[in-house]
Amino acid sequence: MIAAAPAPSIPRGAAARFESEYAAYRRKKKLYAFLAGAAFIACIIGAGITAKFDVVTLVQGLPRTTDFLMKLVPPIEAATFVKDVKEWYWDIGKWLDSLLNTLLMAYLATVLGTIIGGFLSFFAARNLARHYAIYWIMRRVLEIARTVPDIVWALLFIIAFGIGPLAGILAITVHTIGAQGKLFAEVNENISVLPIDGIRAAGGTWFEEMRYAVLPQVIPNYMSYTFWRLELNVRSATIVGFVGAGGIGHDLFTSIQLLYFSDAGAILLIIVATIMCIDMLSEKFRHSAIGKASFSH
Amino acid sequence: MTAQFASITDADVASERERFPRMFSASAAERARFWLLWGGLVALTIYCLYRFGFFSGDFLHGVGKFAAVVVGQLFPPKGFEHLPEFAKVMGETIAMAFLGTLMGAVLAFPLSFLASKNMTRARPLQFGARRFADLLRSFDYLIWALIFVRAIGLGPLAGIMAIAIVETGTFIKLYSEAIENLDRKQVDGITAAGGGSLQRIRFGVLPQVLPMMLSNTLYMFEHNVRSASILGIVGAGGIGFLLADRLRAYELQDACLIIILIIVAVYAIDYLSKFLRERLIGDHRRREPVDDAVQV
């Protein structure tokens with residue numbers, strides 16, 4: 001069967017031309033790969049020099065890192081386990097109070113940031129903003145709000161509001177406004193007009209259009225982004241304390257500065273446990289939020 | 001059609017409602033749960049506002065001070081004579097992000113195979129690798145930076161290590177998700193042709209996952225330039241040190257210049273990375289390849 005198939009008529013010289021052109025193509029590809037590799041290595045060397053990367057210091061430092069990590073956990077004997085752990089967590093009441101503060105800071109910043117960011121997102125969505133100028137300005141404002149790191153916002157707010165959780169909340173709120181505004185605006189831009197047309201055709205009012213056509217499309221995404229943001233804000237709330245903006249980060253920072261390493265270890269363990277719990281909860285809620293509607297992303 | 005709808009009367013609707021109450025509205029218990037949940041969240045919000053002093057006079061005072069002092073003293077930016085120094089430190093910041101991301105990617109690459117369900121049969125090993133990755137990225141960059149500053153001293157090296165450690169965790173997660181989503185057929189093809197496990201990875205797995213990995217790595221580099229710009233606050237190198245120093249000394253106009261410099265650098269890196277992603281991998285459709293492992 002195969003042998004009986006008519007051989008395609010190849011013009012003479014075509015095979016040779018193919019071979020030579022293919023070889024040229026391969027050479028060009030190899031040259032590009034070589035150039036890209038050389039540029040990459042140049043980048044590594046340049047970055048190493050700029051950042052004063054020093055292998056000797058690194059190699060000497062790594063054992064000290066392990067030593068330091070060891071110091072975070074005090075000696076705990078199996079025989080006196082409960083007593084040792086109790087001693088390790090001697091200040092548990094204060095730390096749990098800080099942890100509660102941290103969680104509430106993250107919660108409040110998420111709520112405030114989501115409400116304000118959600119409101120602004122309607123002006124930052126190209127299909128909903130009335131003027132291109134409004135859209136453009138709102139996009140830039142949101143970009144600046146989230147490009148400036150929250151810890152820098154915290155330093156700025158501390159100047160006005162003093163040391164304490166208030167500055168931290170405001171800092172995380174500003175960052176959340178920037179992030180939610182952008183993400184929600186993208187959700188708004190992706191809605192389908194068909195349900196809106198449907199409600200309008202059935203004689204629905206503007207309110208009914210929003211309630212039955214727009215909200216069901218955007219709410220699952222909004223909820224999913226909000227859970228995710230809450231999770232990220234808990235992380236942020238644990239570190240704004242480094243500059244004095246409240247939360248458990250403040251306890252961690254002072255204990256390391258004062259060389260109370262076992263305290264630092266105890267607090268780090270609390271942070272890890274919290275973050276992992278929040279991660280799991282958030283994932284669960286996000287899946288249930290997404291499951292309620294089709295998710296075109 | 002019209003006649004069919006016109007024949008439905010209010011009485012018909014009422015009788016349907018009686019027969020299928022759940023079609024028209026949720027059950028009383030469901031509605032009660034809904035309102036309890038939202039009521040609880042609103043009450044918690046109000047309690048938080050009260051707890052953190054949003055209702056006190058201090059808050060209004062702070063708002064006034066923020067508007068007057070910060071906004072009034074922040075602009076116009078000044079200290080342009082320090083610009084070469086600032087730019088040099090910004091370069092150091094970008095170099096830190098680059099090296100940290102690279103180290104993280106190199107460390108995570110082999111471990112990501114260990115953490116993929118379809119590559120590692122031994123479930124405890126795979127599960128352990130995943131939890132190890134979670135542990136690494138559950139601490140923020142600043143916490144790792146604080147630890148490394150204590151261990152290897154002040155300077156950019158501590159910052160590089162902090163980024164490398166967090167990124168190892170993030171990349172294990174992202175890479176192993178890419179590996180788990182690959183098409184099995186190519187790998188089976190290599191097996192059928194008699195390939196060993198290394199050949200399966202080289203010709204079956206890598207061609208499928210490498211574009212995704214590169215794209216994620218570039219995106220995280222972008223993200224890490226932002227992270228690196230604050231690590232200096234705890235002494236781990238980069239421009240954050242200068243910024244925190246100026247802010248604490250109330251030299252707000254200098255600080256403003258540094259913030260503008262950070263924003264410009266972040267934008268420049270964003271565009272460069274977007275350009276590279278499009279050029280290398282044709283990744284122009286997806287704006288953000290990673291969604292849940294990173295902060296925006």
# chains A, B, ... in the order shown; residues from 1 in each chain; ligands from 1

call {"tool": "interface_residues", "arguments": {"of": "chain B", "to": "chain A", "cutoff": "7 Å", "atoms": "only C-alpha atoms", "output": "number ranges by chain"}}
result
B: 45, 48, 52, 62, 65-66, 92, 95-96, 99, 138-140, 148, 151-152, 156-157, 247, 263, 295-296

call {"tool": "write_last_selection", "arguments": {"atoms": "N, CA and C atoms", "output": "PDB file, in the first residue's frame"}}
result
ATOM      1  N   THR B  45     -16.633  44.530  62.435  1.00  0.00           N
ATOM      2  CA  THR B  45     -15.990  45.697  61.834  1.00  0.00           C
ATOM      3  C   THR B  45     -16.129  46.917  62.745  1.00  0.00           C
ATOM      4  N   CYS B  48     -13.901  46.605  65.696  1.00  0.00           N
ATOM      5  CA  CYS B  48     -12.504  46.879  65.347  1.00  0.00           C
ATOM      6  C   CYS B  48     -12.263  48.377  65.218  1.00  0.00           C
ATOM      7  N   PHE B  52      -9.492  50.139  67.650  1.00  0.00           N
ATOM      8  CA  PHE B  52      -8.253  50.760  67.183  1.00  0.00           C
ATOM      9  C   PHE B  52      -8.337  52.284  67.132  1.00  0.00           C
ATOM     10  N   GLY B  62      -5.067  62.999  63.599  1.00  0.00           N
ATOM     11  CA  GLY B  62      -4.074  62.349  62.753  1.00  0.00           C
ATOM     12  C   GLY B  62      -4.329  62.600  61.277  1.00  0.00           C
ATOM     13  N   LYS B  65      -3.217  65.989  60.498  1.00  0.00           N
ATOM     14  CA  LYS B  65      -1.756  66.063  60.510  1.00  0.00           C
ATOM     15  C   LYS B  65      -1.173  65.401  59.264  1.00  0.00           C
ATOM     16  N   PHE B  66      -1.805  64.266  58.879  1.00  0.00           N
ATOM     17  CA  PHE B  66      -1.314  63.551  57.699  1.00  0.00           C
ATOM     18  C   PHE B  66      -1.417  64.456  56.473  1.00  0.00           C
ATOM     19  N   GLU B  92      21.723  48.236  43.283  1.00  0.00           N
ATOM     20  CA  GLU B  92      22.026  47.144  44.227  1.00  0.00           C
ATOM     21  C   GLU B  92      20.746  46.388  44.569  1.00  0.00           C
ATOM     22  N   ALA B  95      19.820  44.158  41.740  1.00  0.00           N
ATOM     23  CA  ALA B  95      20.756  43.028  41.698  1.00  0.00           C
ATOM     24  C   ALA B  95      20.409  42.000  42.778  1.00  0.00           C
ATOM     25  N   MET B  96      20.017  42.496  43.979  1.00  0.00           N
ATOM     26  CA  MET B  96      19.609  41.580  45.051  1.00  0.00           C
ATOM     27  C   MET B  96      18.414  40.746  44.616  1.00  0.00           C
ATOM     28  N   LEU B  99      19.561  38.113  41.952  1.00  0.00           N
ATOM     29  CA  LEU B  99      20.314  36.964  42.481  1.00  0.00           C
ATOM     30  C   LEU B  99      19.435  36.102  43.385  1.00  0.00           C
ATOM     31  N   SER B 138       5.885  30.732  54.426  1.00  0.00           N
ATOM     32  CA  SER B 138       4.906  31.290  55.358  1.00  0.00           C
ATOM     33  C   SER B 138       5.495  32.452  56.152  1.00  0.00           C
ATOM     34  N   PHE B 139       6.824  32.577  56.198  1.00  0.00           N
ATOM     35  CA  PHE B 139       7.421  33.785  56.775  1.00  0.00           C
ATOM     36  C   PHE B 139       7.621  34.814  55.678  1.00  0.00           C
ATOM     37  N   ASP B 140       7.360  36.054  56.015  1.00  0.00           N
ATOM     38  CA  ASP B 140       7.563  37.126  55.053  1.00  0.00           C
ATOM     39  C   ASP B 140       9.065  37.329  54.800  1.00  0.00           C
ATOM     40  N   PHE B 148      18.531  36.504  58.819  1.00  0.00           N
ATOM     41  CA  PHE B 148      19.836  36.445  58.144  1.00  0.00           C
ATOM     42  C   PHE B 148      20.739  37.603  58.528  1.00  0.00           C
ATOM     43  N   ALA B 151      22.397  36.397  61.479  1.00  0.00           N
ATOM     44  CA  ALA B 151      23.312  35.283  61.270  1.00  0.00           C
ATOM     45  C   ALA B 151      24.521  35.657  60.421  1.00  0.00           C
ATOM     46  N   ILE B 152      24.323  36.363  59.274  1.00  0.00           N
ATOM     47  CA  ILE B 152      25.478  36.642  58.412  1.00  0.00           C
ATOM     48  C   ILE B 152      25.820  38.115  58.357  1.00  0.00           C
ATOM     49  N   PRO B 156      23.676  43.449  51.782  1.00  0.00           N
ATOM     50  CA  PRO B 156      22.791  42.871  50.756  1.00  0.00           C
ATOM     51  C   PRO B 156      22.761  41.344  50.773  1.00  0.00           C
ATOM     52  N   LEU B 157      23.834  40.714  51.268  1.00  0.00           N
ATOM     53  CA  LEU B 157      23.852  39.249  51.244  1.00  0.00           C
ATOM     54  C   LEU B 157      22.680  38.674  52.046  1.00  0.00           C
ATOM     55  N   LEU B 247      12.984  58.874  56.273  1.00  0.00           N
ATOM     56  CA  LEU B 247      11.647  59.042  56.850  1.00  0.00           C
ATOM     57  C   LEU B 247      11.735  59.262  58.354  1.00  0.00           C
ATOM     58  N   ILE B 263       9.319  53.670  42.394  1.00  0.00           N
ATOM     59  CA  ILE B 263       8.192  53.458  41.478  1.00  0.00           C
ATOM     60  C   ILE B 263       8.694  53.377  40.040  1.00  0.00           C
ATOM     61  N   GLN B 295       1.867  38.055  46.385  1.00  0.00           N
ATOM     62  CA  GLN B 295       1.131  39.293  46.593  1.00  0.00           C
ATOM     63  C   GLN B 295       1.164  40.103  45.303  1.00  0.00           C
ATOM     64  N   VAL B 296       0.112  40.870  45.092  1.00  0.00           N
ATOM     65  CA  VAL B 296       0.142  41.766  43.942  1.00  0.00           C
ATOM     66  C   VAL B 296       0.962  42.992  44.322  1.00  0.00           C
TER      67      VAL B 296
END

call {"tool": "atom_distance", "arguments": {"atom1": "atom CA of Gly265 of chain A", "atom2": "atom CA of Thr168 of chain B"}}
result
21.6 Å

call {"tool": "closest_residue", "arguments": {"among": "A:Arg17, A:Lys83, A:His287, A:Arg126", "to": "Asn188 of chain A", "atoms": "only C-alpha atoms"}}
result
A:Arg126

call {"tool": "atom_distance", "arguments": {"atom1": "atom CA of Phe241 of chain B", "atom2": "atom CA of Ala228 of chain B"}}
result
10.7 Å

call {"tool": "atom_distance", "arguments": {"atom1": "atom CA of Asp254 of chain B", "atom2": "atom CA of Gly79 of chain B"}}
result
5.3 Å

call {"tool": "residues_around", "arguments": {"residues": "Phe86 of chain B", "least_positions_apart": "3", "cutoff": "8 Å", "atoms": "only C-alpha atoms", "output": "ChimeraX atom specification"}}
result
/B:82-83,89-90,239,258

call {"tool": "select_by_dssp", "arguments": {"residues": "segment 34-228 of chain B", "states": "alpha helix (DSSP H)", "output": "ChimeraX atom specification"}}
result
/B:34-51,57-65,72-74,83-114,123-138,141-152,156-180,184-192,197-199,206-228
